[in-house]
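Just data.cif here, mmCIF, N, CA and C atoms:
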```cif
data_upload
#
loop_
_atom_site.group_PDB
_atom_site.id
_atom_site.type_symbol
_atom_site.label_atom_id
_atom_site.label_comp_id
_atom_site.auth_asym_id
_atom_site.auth_seq_id
_atom_site.Cartn_x
_atom_site.Cartn_y
_atom_site.Cartn_z
ATOM 1 N N MET O 1291 -7.548 -3.161 -10.073
ATOM 2 C CA MET O 1291 -7.384 -1.796 -9.654
ATOM 3 C C MET O 1291 -8.774 -1.224 -9.358
ATOM 4 N N LEU O 1292 -8.865 -0.445 -8.306
ATOM 5 C CA LEU O 1292 -10.118 0.176 -7.892
ATOM 6 C C LEU O 1292 -10.043 1.679 -8.073
ATOM 7 N N SER O 1293 -11.177 2.320 -8.213
ATOM 8 C CA SER O 1293 -11.184 3.777 -8.188
ATOM 9 C C SER O 1293 -11.032 4.226 -6.742
ATOM 10 N N SER O 1294 -10.613 5.460 -6.543
ATOM 11 C CA SER O 1294 -10.463 5.955 -5.172
ATOM 12 C C SER O 1294 -11.809 5.989 -4.457
ATOM 13 N N ASP O 1295 -12.910 6.128 -5.176
ATOM 14 C CA ASP O 1295 -14.241 6.123 -4.560
ATOM 15 C C ASP O 1295 -14.582 4.759 -3.960
ATOM 16 N N ALA O 1296 -14.095 3.685 -4.583
ATOM 17 C CA ALA O 1296 -14.416 2.337 -4.122
ATOM 18 C C ALA O 1296 -13.779 2.016 -2.779
ATOM 19 N N SER O 1297 -12.786 2.784 -2.384
ATOM 20 C CA SER O 1297 -12.103 2.517 -1.123
ATOM 21 C C SER O 1297 -12.216 3.693 -0.160
ATOM 22 N N SER O 1298 -13.208 4.534 -0.348
ATOM 23 C CA SER O 1298 -13.321 5.768 0.435
ATOM 24 C C SER O 1298 -13.547 5.525 1.925
ATOM 25 N N GLY O 1299 -14.113 4.395 2.307
ATOM 26 C CA GLY O 1299 -14.360 4.125 3.718
ATOM 27 C C GLY O 1299 -13.175 3.488 4.441
ATOM 28 N N ALA O 1300 -12.116 3.182 3.694
ATOM 29 C CA ALA O 1300 -10.950 2.513 4.285
ATOM 30 C C ALA O 1300 -10.146 3.489 5.143
ATOM 31 N N VAL O 1301 -9.447 2.939 6.130
ATOM 32 C CA VAL O 1301 -8.543 3.729 6.974
ATOM 33 C C VAL O 1301 -7.140 3.555 6.406
ATOM 34 N N TRP O 1302 -6.612 4.622 5.841
ATOM 35 C CA TRP O 1302 -5.310 4.587 5.178
ATOM 36 C C TRP O 1302 -4.208 4.960 6.143
ATOM 37 N N ARG O 1303 -3.034 4.334 5.962
ATOM 38 C CA ARG O 1303 -1.887 4.686 6.793
ATOM 39 C C ARG O 1303 -0.628 4.741 5.934
ATOM 40 N N LYS O 1304 0.248 5.643 6.310
ATOM 41 C CA LYS O 1304 1.501 5.854 5.602
ATOM 42 C C LYS O 1304 2.653 5.496 6.537
ATOM 43 N N SER O 1305 3.723 5.014 5.979
ATOM 44 C CA SER O 1305 4.880 4.631 6.775
ATOM 45 C C SER O 1305 5.421 5.810 7.571
ATOM 46 N N VAL O 1306 5.864 5.534 8.790
ATOM 47 C CA VAL O 1306 6.482 6.578 9.606
ATOM 48 C C VAL O 1306 7.828 6.992 9.014
ATOM 49 N N ARG O 1307 8.367 6.222 8.113
ATOM 50 C CA ARG O 1307 9.630 6.549 7.448
ATOM 51 C C ARG O 1307 9.435 7.453 6.243
ATOM 52 N N SER O 1308 8.215 7.778 5.922
ATOM 53 C CA SER O 1308 7.926 8.644 4.784
ATOM 54 C C SER O 1308 8.224 10.092 5.130
ATOM 55 N N GLY O 1309 8.732 10.819 4.167
ATOM 56 C CA GLY O 1309 8.950 12.250 4.331
ATOM 57 C C GLY O 1309 7.956 13.023 3.483
ATOM 58 N N ALA O 1310 7.925 14.305 3.657
ATOM 59 C CA ALA O 1310 6.976 15.142 2.926
ATOM 60 C C ALA O 1310 7.226 15.126 1.426
ATOM 61 N N ASN O 1311 8.463 14.985 1.006
ATOM 62 C CA ASN O 1311 8.794 15.075 -0.418
ATOM 63 C C ASN O 1311 9.134 13.740 -1.054
ATOM 64 N N TYR O 1312 9.019 12.669 -0.318
ATOM 65 C CA TYR O 1312 9.379 11.362 -0.854
ATOM 66 C C TYR O 1312 8.207 10.742 -1.595
ATOM 67 N N GLY O 1313 8.528 9.916 -2.576
ATOM 68 C CA GLY O 1313 7.491 9.151 -3.240
ATOM 69 C C GLY O 1313 7.062 8.024 -2.318
ATOM 70 N N CYS O 1314 5.878 8.096 -1.805
ATOM 71 C CA CYS O 1314 5.439 7.116 -0.823
ATOM 72 C C CYS O 1314 4.053 6.594 -1.176
ATOM 73 N N VAL O 1315 3.737 5.459 -0.618
ATOM 74 C CA VAL O 1315 2.414 4.879 -0.794
ATOM 75 C C VAL O 1315 1.739 4.753 0.561
ATOM 76 N N GLU O 1316 0.434 4.597 0.520
ATOM 77 C CA GLU O 1316 -0.366 4.334 1.713
ATOM 78 C C GLU O 1316 -1.021 2.978 1.535
ATOM 79 N N THR O 1317 -1.292 2.308 2.640
ATOM 80 C CA THR O 1317 -1.968 1.019 2.597
ATOM 81 C C THR O 1317 -3.212 1.058 3.479
ATOM 82 N N ALA O 1318 -4.161 0.196 3.146
ATOM 83 C CA ALA O 1318 -5.385 0.081 3.946
ATOM 84 C C ALA O 1318 -5.948 -1.318 3.788
ATOM 85 N N ARG O 1319 -6.577 -1.809 4.831
ATOM 86 C CA ARG O 1319 -7.311 -3.076 4.728
ATOM 87 C C ARG O 1319 -8.669 -2.739 4.130
ATOM 88 N N LEU O 1320 -8.924 -3.268 2.949
ATOM 89 C CA LEU O 1320 -10.193 -3.013 2.259
ATOM 90 C C LEU O 1320 -11.264 -3.994 2.694
ATOM 91 N N SER O 1321 -10.840 -5.201 3.038
ATOM 92 C CA SER O 1321 -11.739 -6.244 3.534
ATOM 93 C C SER O 1321 -10.865 -7.273 4.242
ATOM 94 N N VAL O 1322 -11.465 -8.352 4.691
ATOM 95 C CA VAL O 1322 -10.697 -9.390 5.372
ATOM 96 C C VAL O 1322 -9.617 -9.950 4.443
ATOM 97 N N GLU O 1323 -9.910 -10.051 3.171
ATOM 98 C CA GLU O 1323 -8.994 -10.683 2.218
ATOM 99 C C GLU O 1323 -8.300 -9.724 1.263
ATOM 100 N N ARG O 1324 -8.508 -8.406 1.374
ATOM 101 C CA ARG O 1324 -7.938 -7.475 0.394
ATOM 102 C C ARG O 1324 -7.188 -6.335 1.074
ATOM 103 N N ILE O 1325 -6.008 -5.989 0.516
ATOM 104 C CA ILE O 1325 -5.203 -4.866 0.966
ATOM 105 C C ILE O 1325 -5.132 -3.875 -0.190
ATOM 106 N N GLY O 1326 -5.348 -2.595 0.105
ATOM 107 C CA GLY O 1326 -5.263 -1.554 -0.913
ATOM 108 C C GLY O 1326 -3.972 -0.786 -0.775
ATOM 109 N N VAL O 1327 -3.424 -0.360 -1.906
ATOM 110 C CA VAL O 1327 -2.205 0.449 -1.947
ATOM 111 C C VAL O 1327 -2.472 1.607 -2.896
ATOM 112 N N ARG O 1328 -2.099 2.828 -2.481
ATOM 113 C CA ARG O 1328 -2.287 3.993 -3.341
ATOM 114 C C ARG O 1328 -1.131 4.979 -3.158
ATOM 115 N N ASP O 1329 -0.990 5.879 -4.111
ATOM 116 C CA ASP O 1329 0.024 6.931 -4.070
ATOM 117 C C ASP O 1329 -0.411 7.974 -3.050
ATOM 118 N N SER O 1330 0.492 8.347 -2.153
ATOM 119 C CA SER O 1330 0.118 9.294 -1.104
ATOM 120 C C SER O 1330 0.187 10.754 -1.546
ATOM 121 N N LYS O 1331 0.763 11.019 -2.718
ATOM 122 C CA LYS O 1331 0.897 12.414 -3.158
ATOM 123 C C LYS O 1331 -0.416 13.004 -3.650
ATOM 124 N N ASP O 1332 -1.274 12.173 -4.220
ATOM 125 C CA ASP O 1332 -2.533 12.682 -4.777
ATOM 126 C C ASP O 1332 -3.629 11.661 -4.503
ATOM 127 N N VAL O 1333 -4.042 11.571 -3.249
ATOM 128 C CA VAL O 1333 -4.970 10.508 -2.851
ATOM 129 C C VAL O 1333 -6.338 10.629 -3.518
ATOM 130 N N ALA O 1334 -6.740 11.832 -3.854
ATOM 131 C CA ALA O 1334 -8.060 12.001 -4.475
ATOM 132 C C ALA O 1334 -8.105 11.406 -5.883
ATOM 133 N N ALA O 1335 -7.001 11.507 -6.614
ATOM 134 C CA ALA O 1335 -6.975 11.031 -7.998
ATOM 135 C C ALA O 1335 -6.270 9.695 -8.163
ATOM 136 N N SER O 1336 -5.599 9.242 -7.135
ATOM 137 C CA SER O 1336 -4.797 8.030 -7.249
ATOM 138 C C SER O 1336 -5.668 6.785 -7.331
ATOM 139 N N PRO O 1337 -5.412 5.923 -8.324
ATOM 140 C CA PRO O 1337 -6.115 4.638 -8.335
ATOM 141 C C PRO O 1337 -5.605 3.783 -7.173
ATOM 142 N N VAL O 1338 -6.375 2.812 -6.793
ATOM 143 C CA VAL O 1338 -6.019 1.917 -5.694
ATOM 144 C C VAL O 1338 -5.723 0.540 -6.276
ATOM 145 N N LEU O 1339 -4.519 0.042 -5.988
ATOM 146 C CA LEU O 1339 -4.178 -1.325 -6.355
ATOM 147 C C LEU O 1339 -4.650 -2.230 -5.223
ATOM 148 N N SER O 1340 -5.274 -3.335 -5.573
ATOM 149 C CA SER O 1340 -5.829 -4.243 -4.580
ATOM 150 C C SER O 1340 -5.125 -5.588 -4.658
ATOM 151 N N PHE O 1341 -4.644 -6.068 -3.500
ATOM 152 C CA PHE O 1341 -3.921 -7.336 -3.426
ATOM 153 C C PHE O 1341 -4.608 -8.261 -2.441
ATOM 154 N N GLY O 1342 -4.562 -9.548 -2.718
ATOM 155 C CA GLY O 1342 -5.041 -10.529 -1.759
ATOM 156 C C GLY O 1342 -4.141 -10.518 -0.533
ATOM 157 N N SER O 1343 -4.674 -10.849 0.627
ATOM 158 C CA SER O 1343 -3.887 -10.763 1.859
ATOM 159 C C SER O 1343 -2.686 -11.716 1.837
ATOM 160 N N GLY O 1344 -2.812 -12.874 1.219
ATOM 161 C CA GLY O 1344 -1.677 -13.799 1.123
ATOM 162 C C GLY O 1344 -0.566 -13.241 0.252
ATOM 163 N N ALA O 1345 -0.933 -12.655 -0.876
ATOM 164 C CA ALA O 1345 0.067 -12.048 -1.754
ATOM 165 C C ALA O 1345 0.735 -10.862 -1.062
ATOM 166 N N TRP O 1346 -0.028 -10.092 -0.304
ATOM 167 C CA TRP O 1346 0.542 -8.949 0.413
ATOM 168 C C TRP O 1346 1.529 -9.416 1.490
ATOM 169 N N ARG O 1347 1.159 -10.447 2.241
ATOM 170 C CA ARG O 1347 2.067 -10.984 3.262
ATOM 171 C C ARG O 1347 3.367 -11.481 2.628
ATOM 172 N N ALA O 1348 3.264 -12.147 1.483
ATOM 173 C CA ALA O 1348 4.463 -12.641 0.792
ATOM 174 C C ALA O 1348 5.341 -11.473 0.344
ATOM 175 N N PHE O 1349 4.739 -10.422 -0.200
ATOM 176 C CA PHE O 1349 5.488 -9.242 -0.631
ATOM 177 C C PHE O 1349 6.198 -8.588 0.551
ATOM 178 N N VAL O 1350 5.486 -8.362 1.642
ATOM 179 C CA VAL O 1350 6.086 -7.737 2.827
ATOM 180 C C VAL O 1350 7.232 -8.600 3.363
ATOM 181 N N GLY O 1351 7.061 -9.909 3.348
ATOM 182 C CA GLY O 1351 8.124 -10.798 3.788
ATOM 183 C C GLY O 1351 9.378 -10.668 2.926
ATOM 184 N N GLU O 1352 9.196 -10.557 1.616
ATOM 185 C CA GLU O 1352 10.334 -10.377 0.710
ATOM 186 C C GLU O 1352 11.030 -9.039 0.963
ATOM 187 N N VAL O 1353 10.263 -8.002 1.185
ATOM 188 C CA VAL O 1353 10.854 -6.692 1.470
ATOM 189 C C VAL O 1353 11.650 -6.745 2.772
ATOM 190 N N LYS O 1354 11.061 -7.312 3.805
ATOM 191 C CA LYS O 1354 11.749 -7.385 5.099
ATOM 192 C C LYS O 1354 13.007 -8.240 5.036
ATOM 193 N N SER O 1355 13.031 -9.227 4.175
ATOM 194 C CA SER O 1355 14.200 -10.096 4.063
ATOM 195 C C SER O 1355 15.361 -9.436 3.332
ATOM 196 N N GLY O 1356 15.063 -8.364 2.598
ATOM 197 C CA GLY O 1356 16.093 -7.675 1.818
ATOM 198 C C GLY O 1356 16.271 -8.218 0.411
ATOM 199 N N ARG O 1357 15.522 -9.237 0.042
ATOM 200 C CA ARG O 1357 15.673 -9.839 -1.283
ATOM 201 C C ARG O 1357 15.240 -8.912 -2.414
ATOM 202 N N LEU O 1358 14.485 -7.859 -2.108
ATOM 203 C CA LEU O 1358 14.050 -6.929 -3.152
ATOM 204 C C LEU O 1358 14.854 -5.641 -3.171
ATOM 205 N N ASP O 1359 15.907 -5.566 -2.366
ATOM 206 C CA ASP O 1359 16.746 -4.359 -2.346
ATOM 207 C C ASP O 1359 17.392 -4.174 -3.723
ATOM 208 N N LEU O 1360 17.457 -2.930 -4.156
ATOM 209 C CA LEU O 1360 18.031 -2.640 -5.460
ATOM 210 C C LEU O 1360 19.560 -2.580 -5.444
ATOM 211 N N ALA O 1361 20.132 -2.345 -4.304
ATOM 212 C CA ALA O 1361 21.598 -2.211 -4.223
ATOM 213 C C ALA O 1361 22.279 -3.545 -4.095
#
```

Would you write the structure of this file as structure tokens?
Amino acid sequence: MLSSDASSGAVWRKSVRSGANYGCVETARLSVERIGVRDSKDVAASPVLSFGSGAWRAFVGEVKSGRLDLA
């Protein structure tokens, strides 16, 4: 986990499916091999979780496949 200061130069993006009142996260490429994830509600205080690019690709693949759906 990184402090928000450690990722201050990153370009963060939020899903177009996010609403103003929804619990959402933002993602950013921190380096060639690292992806950052943070809470979009309080970006100044939110810690940044850092994932390797391979682990992030695997996670996104699982989400897109529907295997992580709660219903």

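What the PyMOL selection byres (((chain O and resi 1318 and name CA) around 8) and name CA) matches in the given file is O:Ala1300, O:Val1301, O:Trp1302, O:Arg1303, O:Glu1316, O:Thr1317, O:Arg1319, O:Leu1320, O:Ile1325, O:Gly1326, O:Val1327.
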
Keeping N, CA and C atoms, export the residues of the selection given above as a tab-separated table (two decimals), keeping the file's coordinate frame.
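The resulting file, again-v9.tsv, is reproduced below:
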```tsv
chain	number	residue	atom	x	y	z
O	1300	ALA	N	-12.12	3.18	3.69
O	1300	ALA	CA	-10.95	2.51	4.28
O	1300	ALA	C	-10.15	3.49	5.14
O	1301	VAL	N	-9.45	2.94	6.13
O	1301	VAL	CA	-8.54	3.73	6.97
O	1301	VAL	C	-7.14	3.56	6.41
O	1302	TRP	N	-6.61	4.62	5.84
O	1302	TRP	CA	-5.31	4.59	5.18
O	1302	TRP	C	-4.21	4.96	6.14
O	1303	ARG	N	-3.03	4.33	5.96
O	1303	ARG	CA	-1.89	4.69	6.79
O	1303	ARG	C	-0.63	4.74	5.93
O	1316	GLU	N	0.43	4.60	0.52
O	1316	GLU	CA	-0.37	4.33	1.71
O	1316	GLU	C	-1.02	2.98	1.54
O	1317	THR	N	-1.29	2.31	2.64
O	1317	THR	CA	-1.97	1.02	2.60
O	1317	THR	C	-3.21	1.06	3.48
O	1319	ARG	N	-6.58	-1.81	4.83
O	1319	ARG	CA	-7.31	-3.08	4.73
O	1319	ARG	C	-8.67	-2.74	4.13
O	1320	LEU	N	-8.92	-3.27	2.95
O	1320	LEU	CA	-10.19	-3.01	2.26
O	1320	LEU	C	-11.26	-3.99	2.69
O	1325	ILE	N	-6.01	-5.99	0.52
O	1325	ILE	CA	-5.20	-4.87	0.97
O	1325	ILE	C	-5.13	-3.88	-0.19
O	1326	GLY	N	-5.35	-2.60	0.10
O	1326	GLY	CA	-5.26	-1.55	-0.91
O	1326	GLY	C	-3.97	-0.79	-0.78
O	1327	VAL	N	-3.42	-0.36	-1.91
O	1327	VAL	CA	-2.20	0.45	-1.95
O	1327	VAL	C	-2.47	1.61	-2.90
```

**OP:** List the neighbours of Cys1314 (chain O) out to 8 Å using only N, CA and C atoms; skip same-chain residues closer than 6 positions along the sequence, and give me the result as a list in words.
**Re:** Lys1304, Ser1305, Ser1308, Arg1328, Asp1329, Ser1330 and Lys1331 of chain O

Original post:
In chain O, what's alpha helix (DSSP H) per DSSP? Answer as a PyMOL selection string?
Top reply: chain O and resi 1343-1355

Original post:
Please, which residues of region 1308-1357 of chain O, numbered as in this document, come out strand (DSSP E or B) from DSSP, as a ChimeraX atom specification?
Top reply: /O:1315-1319,1324-1329,1338-1342

Original post:
What does the distance between CA of Ala1334 (chain O) and atom N of Ser1321 (chain O) come to in Å, to one decimal place?
Top reply: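 Answer for the CA of Ala1334 (chain O) to atom N of Ser1321 (chain O) separation: 19.0 Å.
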
**OP:** Compute the distance from (-6.6, -8.9, -0.5) to each atom, counting only N, CA and C atoms, keep the residues with any atom at most 6 Å away, and return them as JSON, numbers by chain; use the coordinates of the file.
**Re:** {"O": [1322, 1323, 1324, 1325, 1340, 1341, 1342, 1343, 1344]}

If the box runs along x, y and z of the file and leaves 6 Å on each side of region 1322-1337 of chain O, what are its centre and edge lengths in Å, one decimal, as AutoDock Vina command-line options?
```
--center_x -5.3 --center_y 1.2 --center_z -1.5 --size_x 24.4 --size_y 35.7 --size_z 25.7
```

Subject >> Å distance separating atom N of Val1353 (chain O) from atom N of Asp1332 (chain O), one decimal place >> reply: 23.9 Å

Subject >> Gap from CA of Val1350 (chain O) to atom C of Pro1337 (chain O) - Å, one decimal >> reply: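 Answer for the CA of Val1350 (chain O) to atom C of Pro1337 (chain O) separation: 19.2 Å.
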
Please complete region 1338-1361 of chain O with N, CA, C and O atoms and give it back as a PDB file, in the coordinates of the input.
```
ATOM      1  N   VAL O1338      -6.375   2.812  -6.793  1.00  0.00           N
ATOM      2  CA  VAL O1338      -6.019   1.917  -5.694  1.00  0.00           C
ATOM      3  C   VAL O1338      -5.723   0.540  -6.276  1.00  0.00           C
ATOM      4  O   VAL O1338      -6.548  -0.039  -6.968  1.00  0.00           O
ATOM      5  N   LEU O1339      -4.519   0.042  -5.988  1.00  0.00           N
ATOM      6  CA  LEU O1339      -4.178  -1.325  -6.355  1.00  0.00           C
ATOM      7  C   LEU O1339      -4.650  -2.230  -5.223  1.00  0.00           C
ATOM      8  O   LEU O1339      -4.444  -1.920  -4.052  1.00  0.00           O
ATOM      9  N   SER O1340      -5.274  -3.335  -5.573  1.00  0.00           N
ATOM     10  CA  SER O1340      -5.829  -4.243  -4.580  1.00  0.00           C
ATOM     11  C   SER O1340      -5.125  -5.588  -4.658  1.00  0.00           C
ATOM     12  O   SER O1340      -4.989  -6.163  -5.737  1.00  0.00           O
ATOM     13  N   PHE O1341      -4.644  -6.068  -3.500  1.00  0.00           N
ATOM     14  CA  PHE O1341      -3.921  -7.336  -3.426  1.00  0.00           C
ATOM     15  C   PHE O1341      -4.608  -8.261  -2.441  1.00  0.00           C
ATOM     16  O   PHE O1341      -5.128  -7.817  -1.416  1.00  0.00           O
ATOM     17  N   GLY O1342      -4.562  -9.548  -2.718  1.00  0.00           N
ATOM     18  CA  GLY O1342      -5.041 -10.529  -1.759  1.00  0.00           C
ATOM     19  C   GLY O1342      -4.141 -10.518  -0.533  1.00  0.00           C
ATOM     20  O   GLY O1342      -2.944 -10.209  -0.632  1.00  0.00           O
ATOM     21  N   SER O1343      -4.674 -10.849   0.627  1.00  0.00           N
ATOM     22  CA  SER O1343      -3.887 -10.763   1.859  1.00  0.00           C
ATOM     23  C   SER O1343      -2.686 -11.716   1.837  1.00  0.00           C
ATOM     24  O   SER O1343      -1.621 -11.379   2.353  1.00  0.00           O
ATOM     25  N   GLY O1344      -2.812 -12.874   1.219  1.00  0.00           N
ATOM     26  CA  GLY O1344      -1.677 -13.799   1.123  1.00  0.00           C
ATOM     27  C   GLY O1344      -0.566 -13.241   0.252  1.00  0.00           C
ATOM     28  O   GLY O1344       0.621 -13.333   0.602  1.00  0.00           O
ATOM     29  N   ALA O1345      -0.933 -12.655  -0.876  1.00  0.00           N
ATOM     30  CA  ALA O1345       0.067 -12.048  -1.754  1.00  0.00           C
ATOM     31  C   ALA O1345       0.735 -10.862  -1.062  1.00  0.00           C
ATOM     32  O   ALA O1345       1.955 -10.670  -1.182  1.00  0.00           O
ATOM     33  N   TRP O1346      -0.028 -10.092  -0.304  1.00  0.00           N
ATOM     34  CA  TRP O1346       0.542  -8.949   0.413  1.00  0.00           C
ATOM     35  C   TRP O1346       1.529  -9.416   1.490  1.00  0.00           C
ATOM     36  O   TRP O1346       2.615  -8.868   1.628  1.00  0.00           O
ATOM     37  N   ARG O1347       1.159 -10.447   2.241  1.00  0.00           N
ATOM     38  CA  ARG O1347       2.067 -10.984   3.262  1.00  0.00           C
ATOM     39  C   ARG O1347       3.367 -11.481   2.628  1.00  0.00           C
ATOM     40  O   ARG O1347       4.457 -11.260   3.158  1.00  0.00           O
ATOM     41  N   ALA O1348       3.264 -12.147   1.483  1.00  0.00           N
ATOM     42  CA  ALA O1348       4.463 -12.641   0.792  1.00  0.00           C
ATOM     43  C   ALA O1348       5.341 -11.473   0.344  1.00  0.00           C
ATOM     44  O   ALA O1348       6.571 -11.513   0.506  1.00  0.00           O
ATOM     45  N   PHE O1349       4.739 -10.422  -0.200  1.00  0.00           N
ATOM     46  CA  PHE O1349       5.488  -9.242  -0.631  1.00  0.00           C
ATOM     47  C   PHE O1349       6.198  -8.588   0.551  1.00  0.00           C
ATOM     48  O   PHE O1349       7.394  -8.291   0.489  1.00  0.00           O
ATOM     49  N   VAL O1350       5.486  -8.362   1.642  1.00  0.00           N
ATOM     50  CA  VAL O1350       6.086  -7.737   2.827  1.00  0.00           C
ATOM     51  C   VAL O1350       7.232  -8.600   3.363  1.00  0.00           C
ATOM     52  O   VAL O1350       8.283  -8.088   3.753  1.00  0.00           O
ATOM     53  N   GLY O1351       7.061  -9.909   3.348  1.00  0.00           N
ATOM     54  CA  GLY O1351       8.124 -10.798   3.788  1.00  0.00           C
ATOM     55  C   GLY O1351       9.378 -10.668   2.926  1.00  0.00           C
ATOM     56  O   GLY O1351      10.502 -10.656   3.448  1.00  0.00           O
ATOM     57  N   GLU O1352       9.196 -10.557   1.616  1.00  0.00           N
ATOM     58  CA  GLU O1352      10.334 -10.377   0.710  1.00  0.00           C
ATOM     59  C   GLU O1352      11.030  -9.039   0.963  1.00  0.00           C
ATOM     60  O   GLU O1352      12.260  -8.964   0.967  1.00  0.00           O
ATOM     61  N   VAL O1353      10.263  -8.002   1.185  1.00  0.00           N
ATOM     62  CA  VAL O1353      10.854  -6.692   1.470  1.00  0.00           C
ATOM     63  C   VAL O1353      11.650  -6.745   2.772  1.00  0.00           C
ATOM     64  O   VAL O1353      12.803  -6.302   2.828  1.00  0.00           O
ATOM     65  N   LYS O1354      11.061  -7.312   3.805  1.00  0.00           N
ATOM     66  CA  LYS O1354      11.749  -7.385   5.099  1.00  0.00           C
ATOM     67  C   LYS O1354      13.007  -8.240   5.036  1.00  0.00           C
ATOM     68  O   LYS O1354      13.968  -7.980   5.762  1.00  0.00           O
ATOM     69  N   SER O1355      13.031  -9.227   4.175  1.00  0.00           N
ATOM     70  CA  SER O1355      14.200 -10.096   4.063  1.00  0.00           C
ATOM     71  C   SER O1355      15.361  -9.436   3.332  1.00  0.00           C
ATOM     72  O   SER O1355      16.481  -9.905   3.403  1.00  0.00           O
ATOM     73  N   GLY O1356      15.063  -8.364   2.598  1.00  0.00           N
ATOM     74  CA  GLY O1356      16.093  -7.675   1.818  1.00  0.00           C
ATOM     75  C   GLY O1356      16.271  -8.218   0.411  1.00  0.00           C
ATOM     76  O   GLY O1356      17.074  -7.701  -0.348  1.00  0.00           O
ATOM     77  N   ARG O1357      15.522  -9.237   0.042  1.00  0.00           N
ATOM     78  CA  ARG O1357      15.673  -9.839  -1.283  1.00  0.00           C
ATOM     79  C   ARG O1357      15.240  -8.912  -2.414  1.00  0.00           C
ATOM     80  O   ARG O1357      15.584  -9.141  -3.569  1.00  0.00           O
ATOM     81  N   LEU O1358      14.485  -7.859  -2.108  1.00  0.00           N
ATOM     82  CA  LEU O1358      14.050  -6.929  -3.152  1.00  0.00           C
ATOM     83  C   LEU O1358      14.854  -5.641  -3.171  1.00  0.00           C
ATOM     84  O   LEU O1358      14.540  -4.737  -3.925  1.00  0.00           O
ATOM     85  N   ASP O1359      15.907  -5.566  -2.366  1.00  0.00           N
ATOM     86  CA  ASP O1359      16.746  -4.359  -2.346  1.00  0.00           C
ATOM     87  C   ASP O1359      17.392  -4.174  -3.723  1.00  0.00           C
ATOM     88  O   ASP O1359      17.832  -5.135  -4.354  1.00  0.00           O
ATOM     89  N   LEU O1360      17.457  -2.930  -4.156  1.00  0.00           N
ATOM     90  CA  LEU O1360      18.031  -2.640  -5.460  1.00  0.00           C
ATOM     91  C   LEU O1360      19.560  -2.580  -5.444  1.00  0.00           C
ATOM     92  O   LEU O1360      20.198  -2.722  -6.462  1.00  0.00           O
ATOM     93  N   ALA O1361      20.132  -2.345  -4.304  1.00  0.00           N
ATOM     94  CA  ALA O1361      21.598  -2.211  -4.223  1.00  0.00           C
ATOM     95  C   ALA O1361      22.279  -3.545  -4.095  1.00  0.00           C
ATOM     96  O   ALA O1361      21.808  -4.539  -3.749  1.00  0.00           O
TER      97      ALA O1361
END
```
